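J.: This is the content of query_19.pdb (PDB, C-alpha atoms):
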```pdb
ATOM      1  CA  MET O   1      18.563   5.680  12.069
ATOM      2  CA  ASN O   2      19.588   5.085   8.473
ATOM      3  CA  ASP O   3      20.478   1.421   8.190
ATOM      4  CA  TYR O   4      19.029  -2.084   8.470
ATOM      5  CA  ASN O   5      20.883  -3.325  11.560
ATOM      6  CA  HIS O   6      17.657  -4.678  13.069
ATOM      7  CA  TYR O   7      16.635  -6.489   9.879
ATOM      8  CA  PHE O   8      17.566  -9.783   8.264
ATOM      9  CA  HIS O   9      18.792  -9.039   4.737
ATOM     10  CA  PHE O  10      17.886 -11.372   1.886
ATOM     11  CA  GLN O  11      19.114 -10.805  -1.623
ATOM     12  CA  ARG O  12      16.730 -12.012  -4.277
ATOM     13  CA  GLU O  13      18.639 -15.232  -4.935
ATOM     14  CA  GLU O  14      18.618 -16.128  -1.238
ATOM     15  CA  TRP O  15      14.941 -15.224  -0.706
ATOM     16  CA  ARG O  16      13.747 -17.267  -3.688
ATOM     17  CA  LYS O  17      15.260 -20.429  -2.189
ATOM     18  CA  LEU O  18      12.951 -20.365   0.824
ATOM     19  CA  GLU O  19      10.889 -23.505   0.814
ATOM     20  CA  VAL O  20       7.331 -22.889  -0.325
ATOM     21  CA  SER O  21       4.607 -24.685  -2.241
ATOM     22  CA  LYS O  22       4.805 -23.941  -5.960
ATOM     23  CA  ASP O  23       1.135 -24.579  -6.765
ATOM     24  CA  GLN O  24      -0.152 -21.116  -5.831
ATOM     25  CA  ILE O  25       1.155 -19.316  -8.922
ATOM     26  CA  LEU O  26      -1.164 -16.863 -10.672
ATOM     27  CA  THR O  27      -1.837 -17.098 -14.367
ATOM     28  CA  ALA O  28      -0.358 -14.617 -16.826
ATOM     29  CA  GLU O  29      -3.886 -13.341 -17.520
ATOM     30  CA  GLU O  30      -4.610 -12.726 -13.837
ATOM     31  CA  LEU O  31      -1.330 -10.905 -13.377
ATOM     32  CA  GLU O  32      -1.875  -8.731 -16.442
ATOM     33  CA  GLU O  33      -5.311  -7.776 -15.137
ATOM     34  CA  ILE O  34      -3.968  -6.431 -11.834
ATOM     35  CA  ARG O  35      -0.601  -5.089 -12.997
ATOM     36  CA  GLY O  36      -0.065  -1.325 -12.854
ATOM     37  CA  LEU O  37       0.580   0.626 -16.069
ATOM     38  CA  ASN O  38       4.367   0.608 -16.048
ATOM     39  CA  ASP O  39       5.021  -2.019 -13.373
ATOM     40  CA  ARG O  40       7.298  -4.779 -14.683
ATOM     41  CA  ILE O  41       6.122  -7.466 -12.262
ATOM     42  CA  SER O  42       6.206 -10.936 -13.827
ATOM     43  CA  LEU O  43       5.213 -14.505 -13.026
ATOM     44  CA  GLN O  44       8.835 -15.031 -12.042
ATOM     45  CA  ASP O  45       8.415 -12.343  -9.365
ATOM     46  CA  ILE O  46       5.270 -14.089  -8.150
ATOM     47  CA  SER O  47       7.206 -17.327  -7.754
ATOM     48  CA  GLU O  48      10.481 -15.942  -6.388
ATOM     49  CA  ILE O  49       9.349 -12.986  -4.272
ATOM     50  CA  TYR O  50       5.650 -13.072  -3.481
ATOM     51  CA  LEU O  51       5.104 -16.763  -2.772
ATOM     52  CA  PRO O  52       7.672 -16.829   0.059
ATOM     53  CA  LEU O  53       6.217 -13.547   1.364
ATOM     54  CA  ILE O  54       2.632 -14.826   1.302
ATOM     55  CA  LYS O  55       3.736 -17.941   3.186
ATOM     56  CA  LEU O  56       5.443 -15.709   5.773
ATOM     57  CA  ILE O  57       2.250 -13.665   6.174
ATOM     58  CA  ALA O  58       0.230 -16.877   6.519
ATOM     59  CA  ILE O  59       2.585 -18.016   9.311
ATOM     60  CA  GLN O  60       2.072 -14.677  11.084
ATOM     61  CA  TYR O  61      -1.681 -14.965  10.628
ATOM     62  CA  HIS O  62      -1.923 -18.499  12.047
ATOM     63  CA  GLU O  63       0.306 -17.523  14.970
ATOM     64  CA  ALA O  64      -2.007 -14.589  15.756
ATOM     65  CA  ILE O  65      -5.056 -16.886  15.638
ATOM     66  CA  PHE O  66      -3.391 -19.395  17.966
ATOM     67  CA  ILE O  67      -2.329 -16.756  20.500
ATOM     68  CA  HIS O  68      -5.828 -15.241  20.479
ATOM     69  CA  GLY O  69      -7.388 -18.652  21.162
ATOM     70  CA  GLU O  70      -5.017 -19.338  24.051
ATOM     71  CA  LYS O  71      -5.667 -15.898  25.501
ATOM     72  CA  MET O  72      -9.466 -16.210  25.309
ATOM     73  CA  GLU O  73      -9.342 -19.664  26.920
ATOM     74  CA  TYR O  74      -7.244 -18.307  29.785
ATOM     75  CA  LEU O  75      -9.466 -15.248  30.281
ATOM     76  CA  LYS O  76     -12.626 -17.382  29.924
ATOM     77  CA  LYS O  77     -13.923 -15.036  27.248
ATOM     78  CA  LYS O  78     -15.674 -15.828  23.993
ATOM     79  CA  GLU O  79     -14.763 -13.307  21.347
ATOM     80  CA  SER O  80     -13.576 -13.885  17.820
ATOM     81  CA  ARG O  81     -10.253 -12.426  16.814
ATOM     82  CA  ALA O  82     -10.260  -9.015  15.179
ATOM     83  CA  PRO O  83      -9.164  -8.820  11.524
ATOM     84  CA  PHE O  84      -5.492  -9.380  10.784
ATOM     85  CA  ILE O  85      -4.355  -6.080   9.273
ATOM     86  CA  ILE O  86      -1.533  -5.832   6.732
ATOM     87  CA  ALA O  87      -0.227  -2.328   5.962
ATOM     88  CA  LEU O  88       1.522  -1.499   2.698
ATOM     89  CA  ALA O  89       3.349   1.841   2.438
ATOM     90  CA  GLY O  90       5.692   3.595   0.041
ATOM     91  CA  SER O  91       6.001   6.468  -2.400
ATOM     92  CA  VAL O  92       3.737   7.443  -5.239
ATOM     93  CA  ALA O  93       4.629   5.402  -8.382
ATOM     94  CA  VAL O  94       6.712   2.781  -6.545
ATOM     95  CA  GLY O  95       4.246  -0.032  -7.291
ATOM     96  CA  LYS O  96       2.155  -0.267  -4.105
ATOM     97  CA  SER O  97      -1.188  -0.685  -5.853
ATOM     98  CA  THR O  98       0.007  -3.639  -7.927
ATOM     99  CA  THR O  99       1.591  -5.262  -4.873
ATOM    100  CA  ALA O 100      -1.582  -4.761  -2.832
ATOM    101  CA  ARG O 101      -3.689  -6.416  -5.538
ATOM    102  CA  VAL O 102      -1.168  -9.278  -5.737
ATOM    103  CA  PHE O 103      -1.440  -9.727  -1.953
ATOM    104  CA  LYS O 104      -5.236  -9.813  -2.161
ATOM    105  CA  LEU O 105      -5.386 -12.343  -4.988
ATOM    106  CA  MET O 106      -2.662 -14.585  -3.581
ATOM    107  CA  LEU O 107      -4.072 -14.588  -0.046
ATOM    108  CA  ASP O 108      -7.468 -15.539  -1.486
ATOM    109  CA  ARG O 109      -5.708 -18.351  -3.329
ATOM    110  CA  TRP O 110      -3.549 -19.383  -0.358
ATOM    111  CA  PHE O 111      -6.527 -19.779   1.961
ATOM    112  CA  SER O 112      -8.688 -21.289  -0.809
ATOM    113  CA  LYS O 113     -11.156 -18.464  -0.157
ATOM    114  CA  THR O 114     -11.906 -19.830   3.332
ATOM    115  CA  ARG O 115     -10.869 -16.437   4.697
ATOM    116  CA  GLN O 116     -12.438 -13.149   3.685
ATOM    117  CA  VAL O 117      -9.650 -10.875   2.447
ATOM    118  CA  GLU O 118     -10.366  -7.184   1.816
ATOM    119  CA  LEU O 119      -8.253  -4.448   0.221
ATOM    120  CA  VAL O 120      -8.586  -0.826   1.333
ATOM    121  CA  THR O 121      -6.670   2.171  -0.011
ATOM    122  CA  THR O 122      -6.169   5.247   2.139
ATOM    123  CA  ASP O 123      -6.989   7.596  -0.761
ATOM    124  CA  GLY O 124     -10.596   7.549   0.435
ATOM    125  CA  PHE O 125      -9.482   9.100   3.710
ATOM    126  CA  LEU O 126      -8.178  12.213   1.968
ATOM    127  CA  PHE O 127     -10.190  15.344   2.630
ATOM    128  CA  PRO O 128     -12.352  16.238  -0.399
ATOM    129  CA  ASN O 129     -10.808  18.715  -2.822
ATOM    130  CA  LYS O 130     -13.247  21.376  -1.654
ATOM    131  CA  VAL O 131     -11.897  21.105   1.901
ATOM    132  CA  LEU O 132      -8.275  21.085   0.696
ATOM    133  CA  GLU O 133      -8.949  24.228  -1.348
ATOM    134  CA  GLU O 134     -10.668  25.956   1.577
ATOM    135  CA  ARG O 135      -7.656  25.197   3.767
ATOM    136  CA  GLY O 136      -5.216  26.285   1.090
ATOM    137  CA  ILE O 137      -3.459  22.906   0.990
ATOM    138  CA  MET O 138      -4.495  21.551  -2.401
ATOM    139  CA  ASN O 139      -0.786  21.579  -3.271
ATOM    140  CA  LYS O 140      -0.187  19.377  -0.222
ATOM    141  CA  LYS O 141      -2.459  16.576  -1.363
ATOM    142  CA  GLY O 142      -0.912  13.339  -0.101
ATOM    143  CA  PHE O 143       0.886  15.067   2.784
ATOM    144  CA  PRO O 144      -0.187  14.011   6.305
ATOM    145  CA  GLU O 145      -2.312  17.136   6.801
ATOM    146  CA  SER O 146      -4.402  16.337   3.706
ATOM    147  CA  TYR O 147      -5.880  13.210   5.315
ATOM    148  CA  ASP O 148      -8.814  12.943   7.683
ATOM    149  CA  ARG O 149      -6.727  11.153  10.275
ATOM    150  CA  GLU O 150      -9.559  11.117  12.796
ATOM    151  CA  ARG O 151     -11.773   9.225  10.352
ATOM    152  CA  PHE O 152      -8.928   6.823   9.547
ATOM    153  CA  ALA O 153      -8.342   6.172  13.262
ATOM    154  CA  GLU O 154     -12.067   5.505  13.757
ATOM    155  CA  PHE O 155     -12.002   3.078  10.841
ATOM    156  CA  LEU O 156      -9.073   1.139  12.316
ATOM    157  CA  THR O 157     -10.648   1.189  15.783
ATOM    158  CA  ASP O 158     -13.911  -0.190  14.405
ATOM    159  CA  LEU O 159     -12.028  -2.978  12.631
ATOM    160  CA  LYS O 160     -10.130  -4.008  15.749
ATOM    161  CA  ALA O 161     -13.271  -3.717  17.882
ATOM    162  CA  ASN O 162     -14.886  -6.377  15.666
ATOM    163  CA  LYS O 163     -17.627  -4.024  14.553
ATOM    164  CA  GLU O 164     -19.878  -6.030  12.259
ATOM    165  CA  ASP O 165     -20.111  -3.484   9.437
ATOM    166  CA  VAL O 166     -17.324  -0.983   8.832
ATOM    167  CA  GLU O 167     -17.682   1.741   6.205
ATOM    168  CA  VAL O 168     -14.827   2.596   3.852
ATOM    169  CA  PRO O 169     -14.766   5.935   1.987
ATOM    170  CA  LEU O 170     -13.983   5.717  -1.717
ATOM    171  CA  TYR O 171     -11.773   7.775  -4.026
ATOM    172  CA  SER O 172     -11.652   8.252  -7.784
ATOM    173  CA  HIS O 173      -8.311   8.773  -9.525
ATOM    174  CA  PHE O 174     -10.373   9.688 -12.562
ATOM    175  CA  THR O 175     -12.016  12.720 -10.923
ATOM    176  CA  TYR O 176      -9.094  13.140  -8.500
ATOM    177  CA  ASP O 177     -11.478  13.459  -5.573
ATOM    178  CA  VAL O 178     -13.205  11.582  -2.758
ATOM    179  CA  LEU O 179     -16.545  10.082  -3.788
ATOM    180  CA  ASP O 180     -19.836  10.538  -1.950
ATOM    181  CA  GLU O 181     -20.492   6.797  -1.731
ATOM    182  CA  THR O 182     -18.795   4.285   0.556
ATOM    183  CA  ARG O 183     -18.490   0.512   0.682
ATOM    184  CA  THR O 184     -18.955  -1.721   3.695
ATOM    185  CA  LEU O 185     -16.693  -4.418   5.112
ATOM    186  CA  HIS O 186     -18.582  -7.292   6.728
ATOM    187  CA  ASN O 187     -16.440  -9.101   9.322
ATOM    188  CA  PRO O 188     -13.299  -9.614   7.201
ATOM    189  CA  ASP O 189     -10.590 -12.002   8.377
ATOM    190  CA  ILE O 190      -7.704 -10.158   6.717
ATOM    191  CA  VAL O 191      -7.560  -6.511   5.630
ATOM    192  CA  ILE O 192      -4.797  -5.095   3.421
ATOM    193  CA  ILE O 193      -4.475  -1.316   3.838
ATOM    194  CA  GLU O 194      -2.433   0.366   1.103
ATOM    195  CA  GLY O 195      -1.322   3.986   1.025
ATOM    196  CA  ILE O 196       1.596   6.370   1.180
ATOM    197  CA  ASN O 197       0.603   7.498   4.658
ATOM    198  CA  VAL O 198      -0.178   4.284   6.530
ATOM    199  CA  LEU O 199       3.041   4.192   8.578
ATOM    200  CA  GLN O 200       3.153   7.916   9.332
ATOM    201  CA  ALA O 201       2.661   8.970  12.939
ATOM    202  CA  ASP O 202       1.331  12.246  14.317
ATOM    203  CA  GLN O 203       3.000  12.899  17.664
ATOM    204  CA  HIS O 204      -0.091  14.859  18.761
ATOM    205  CA  GLU O 205      -2.390  11.851  18.358
ATOM    206  CA  SER O 206      -3.004   9.359  21.167
ATOM    207  CA  LEU O 207      -2.979   6.445  18.726
ATOM    208  CA  PHE O 208      -0.792   5.760  15.694
ATOM    209  CA  PRO O 209      -2.164   3.745  12.748
ATOM    210  CA  SER O 210       0.722   1.294  13.229
ATOM    211  CA  ASP O 211      -0.749   0.413  16.643
ATOM    212  CA  PHE O 212      -3.415  -1.540  14.749
ATOM    213  CA  PHE O 213      -1.232  -3.378  12.233
ATOM    214  CA  ASP O 214      -0.280  -7.043  12.521
ATOM    215  CA  PHE O 215       2.229  -6.919   9.669
ATOM    216  CA  SER O 216       3.578  -4.012   7.659
ATOM    217  CA  VAL O 217       5.443  -3.725   4.359
ATOM    218  CA  TYR O 218       7.307  -0.776   2.865
ATOM    219  CA  MET O 219       7.995  -0.571  -0.870
ATOM    220  CA  ASP O 220      11.380   1.081  -1.360
ATOM    221  CA  ALA O 221      13.469   2.342  -4.271
ATOM    222  CA  ALA O 222      15.968   5.091  -5.047
ATOM    223  CA  GLU O 223      14.261   8.456  -5.479
ATOM    224  CA  ALA O 224      15.720   8.906  -8.984
ATOM    225  CA  ASP O 225      14.102   5.632 -10.058
ATOM    226  CA  ILE O 226      10.723   6.484  -8.521
ATOM    227  CA  LYS O 227      10.779   9.883 -10.230
ATOM    228  CA  LYS O 228      11.493   8.194 -13.569
ATOM    229  CA  TRP O 229       8.611   5.735 -13.057
ATOM    230  CA  TYR O 230       6.299   8.591 -12.070
ATOM    231  CA  LEU O 231       7.081  10.441 -15.298
ATOM    232  CA  GLU O 232       6.669   7.257 -17.359
ATOM    233  CA  ARG O 233       3.282   6.621 -15.795
ATOM    234  CA  PHE O 234       2.170  10.225 -16.272
ATOM    235  CA  PHE O 235       2.825  10.088 -20.005
ATOM    236  CA  MET O 236       1.186   6.666 -20.339
ATOM    237  CA  LEU O 237      -1.920   8.037 -18.610
ATOM    238  CA  ARG O 238      -1.751  11.139 -20.810
ATOM    239  CA  GLU O 239      -2.167   8.864 -23.820
ATOM    240  CA  THR O 240      -4.923   6.757 -22.229
ATOM    241  CA  ALA O 241      -7.109   7.664 -19.224
ATOM    242  CA  PHE O 242      -6.466  11.407 -19.431
ATOM    243  CA  GLN O 243      -7.910  11.435 -22.954
ATOM    244  CA  ASP O 244     -11.404  11.151 -21.487
ATOM    245  CA  THR O 245     -12.859  14.663 -21.316
ATOM    246  CA  SER O 246     -14.281  13.939 -17.848
ATOM    247  CA  SER O 247     -10.811  13.222 -16.418
ATOM    248  CA  TYR O 248      -9.455  15.789 -13.977
ATOM    249  CA  PHE O 249      -6.164  15.723 -15.904
ATOM    250  CA  HIS O 250      -7.688  15.963 -19.393
ATOM    251  CA  PRO O 251      -6.435  19.559 -19.890
ATOM    252  CA  TYR O 252      -2.865  18.227 -19.841
ATOM    253  CA  THR O 253      -3.534  16.301 -23.036
ATOM    254  CA  LYS O 254      -4.127  19.611 -24.839
ATOM    255  CA  ILE O 255      -0.719  21.127 -24.167
ATOM    256  CA  SER O 256       2.585  20.272 -25.800
ATOM    257  CA  LYS O 257       4.651  17.315 -24.649
ATOM    258  CA  LYS O 258       7.296  19.717 -23.344
ATOM    259  CA  GLU O 259       4.728  21.666 -21.319
ATOM    260  CA  ALA O 260       3.266  18.426 -19.967
ATOM    261  CA  GLU O 261       6.739  17.260 -18.951
ATOM    262  CA  GLU O 262       7.402  20.571 -17.193
ATOM    263  CA  PHE O 263       4.107  20.200 -15.331
ATOM    264  CA  ALA O 264       4.873  16.612 -14.247
ATOM    265  CA  LEU O 265       8.396  17.538 -13.153
ATOM    266  CA  ASP O 266       7.036  20.459 -11.147
ATOM    267  CA  VAL O 267       4.506  18.199  -9.408
ATOM    268  CA  TRP O 268       7.300  15.813  -8.476
ATOM    269  CA  ASP O 269       9.758  18.497  -7.368
ATOM    270  CA  THR O 270       7.252  20.510  -5.311
ATOM    271  CA  ILE O 271       4.830  17.836  -4.058
ATOM    272  CA  ASN O 272       5.601  14.117  -4.491
ATOM    273  CA  GLY O 273       9.365  14.344  -4.056
ATOM    274  CA  VAL O 274       9.049  16.662  -1.067
ATOM    275  CA  ASN O 275       6.464  14.388   0.546
ATOM    276  CA  LEU O 276       8.710  11.364  -0.037
ATOM    277  CA  ASN O 277      11.707  13.021   1.639
ATOM    278  CA  GLU O 278       9.894  14.814   4.447
ATOM    279  CA  ASN O 279       7.294  12.208   5.384
ATOM    280  CA  ILE O 280       7.127   8.880   3.562
ATOM    281  CA  GLU O 281      10.786   7.797   3.488
ATOM    282  CA  LYS O 282      11.084   8.380   7.242
ATOM    283  CA  THR O 283       8.494   5.666   7.923
ATOM    284  CA  LYS O 284      10.519   2.926   6.225
ATOM    285  CA  TYR O 285      12.040   1.539   9.421
ATOM    286  CA  ARG O 286       8.635   1.182  11.077
ATOM    287  CA  ALA O 287       7.843  -1.617   8.623
ATOM    288  CA  ASP O 288       8.212  -5.288   9.474
ATOM    289  CA  LEU O 289       9.437  -5.953   5.955
ATOM    290  CA  VAL O 290      11.004  -3.758   3.261
ATOM    291  CA  LEU O 291      10.866  -4.682  -0.425
ATOM    292  CA  HIS O 292      13.584  -2.798  -2.296
ATOM    293  CA  LYS O 293      13.321  -2.328  -6.054
ATOM    294  CA  GLY O 294      16.219  -1.787  -8.425
ATOM    295  CA  THR O 295      16.265   0.498 -11.446
ATOM    296  CA  ASP O 296      14.535  -2.220 -13.515
ATOM    297  CA  HIS O 297      11.425  -1.948 -11.262
ATOM    298  CA  LEU O 298      12.100  -5.480  -9.967
ATOM    299  CA  ILE O 299      12.580  -6.379  -6.312
ATOM    300  CA  SER O 300      16.264  -6.972  -5.626
ATOM    301  CA  ASP O 301      16.481  -7.060  -1.809
ATOM    302  CA  ILE O 302      14.193  -8.007   1.066
ATOM    303  CA  TYR O 303      14.687  -6.801   4.632
ATOM    304  CA  LEU O 304      12.795  -8.568   7.426
ATOM    305  CA  ARG O 305      12.706  -7.192  10.955
ATOM    306  CA  LYS O 306      14.518  -9.509  13.363
TER     307      LYS O 306
END
```
Can the structure from this file be put into structure tokens for me?

T.:
Amino acid sequence: MNDYNHYFHFQREEWRKLEVSKDQILTAEELEEIRGLNDRISLQDISEIYLPLIKLIAIQYHEAIFIHGEKMEYLKKKESRAPFIIALAGSVAVGKSTTARVFKLMLDRWFSKTRQVELVTTDGFLFPNKVLEERGIMNKKGFPESYDRERFAEFLTDLKANKEDVEVPLYSHFTYDVLDETRTLHNPDIVIIEGINVLQADQHESLFPSDFFDFSVYMDAAEADIKKWYLERFFMLRETAFQDTSSYFHPYTKISKKEAEEFALDVWDTINGVNLNENIEKTKYRADLVLHKGTDHLISDIYLRK
């Protein structure tokens, strides 16, 4: 399948006209604080794209709560509803992290903090570098086989089983490795799970991650644009975070700009681009909603599953 026949298509101008309250807008300071390095998201995007989307998610959430209540009354059971899980997938450098943080902040604002909203990234479910090196797949970091899928499945199962405390492994982009410590989720109402792999499915597993999701979003863009954004971000990091001598990528600040560019291009051509084409892109049509970005990094089209 390579088209959107089973989706409603909204161009930006059409989507922005959906009726929605205009009093949920973030401040410029809040947006700047959560915006990714080279992401061009603006307050206009918050108003025209994200407000209608947050209202749509809120509708889905309230519907799920209502159905659960009706079901429990019929079954004569007393059990609170499991967390409403939102999945956010897409390529490296497409803007997922910014979008996930926007979701978190706007859902907090939408529900006036009467609902506990948590954000989890799947980076913590990567195998540690030591394991990847032992298995000879360090150059496959981000590919499906580089994740501890059993641990991720247990995490999702615990969430949907209403386990009171659910541990989340943590990852550092600074050290480029999984951390020893974890954090704990305490009975969240809504959980946003962001990562390149969240919609991928292993045919050998009995459960797919998507079995647990209540709503899923895929961030889409042309590969040439994503590659350009990846390179832009790499060089911005080279001038900032990579300058710290403790950074995993600090050595790449000591080589020439041409050598650094060759390194970044090689990483894209042999790892990120391959992963996008072989694994990530194929999950697009599993999403309930696709946000497509144009070359200007701004969302131009929205596709909603019928």

J.: So how far away is CA of Tyr50 (chain O) from CA of Lys160 (chain O), in Å?

T.: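 Interatomic distance here is 26.5 Å.
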
J.: So how far away is CA of Arg35 (chain O) from CA of Gln60 (chain O), in Å?

T.: 26.1 Å

J.: Using the file's own x, y and z axes, what box holds all listed atoms of region 270-275 of chain O with 3 Å on each side, keeping edges along x, y and z, and what are its centre and edge lengths in Å to one decimal, as JSON?

T.:
```
{"center_x": 7.1, "center_y": 17.3, "center_z": -2.4, "size_x": 10.5, "size_y": 12.4, "size_z": 11.9}
```

J.: Under the rule that only C-alpha atoms are counted, which of O:His292, O:Arg115, O:His6, O:Arg233 is the nearest residue to Asn187 (chain O)?

T.: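 So, comparing all the options, the nearest one is O:Arg115.
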
J.: Find, counting all atoms listed in the file, the residue in O:Phe208, O:Tyr218, O:Tyr171, O:Phe143 that gets nearest to Thr283 (chain O).

T.: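 Once distances to Thr283 (chain O) are computed over all atoms listed in the file, the minimum belongs to O:Tyr218.
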
J.: Pull the neighbourhood of (13.0, -5.8, -4.1) for me: all residues within 9 Å in file coordinates, counting all atoms listed in the file, as number ranges by chain.

T.: O: 11-12, 49, 219-221, 290-294, 297-303
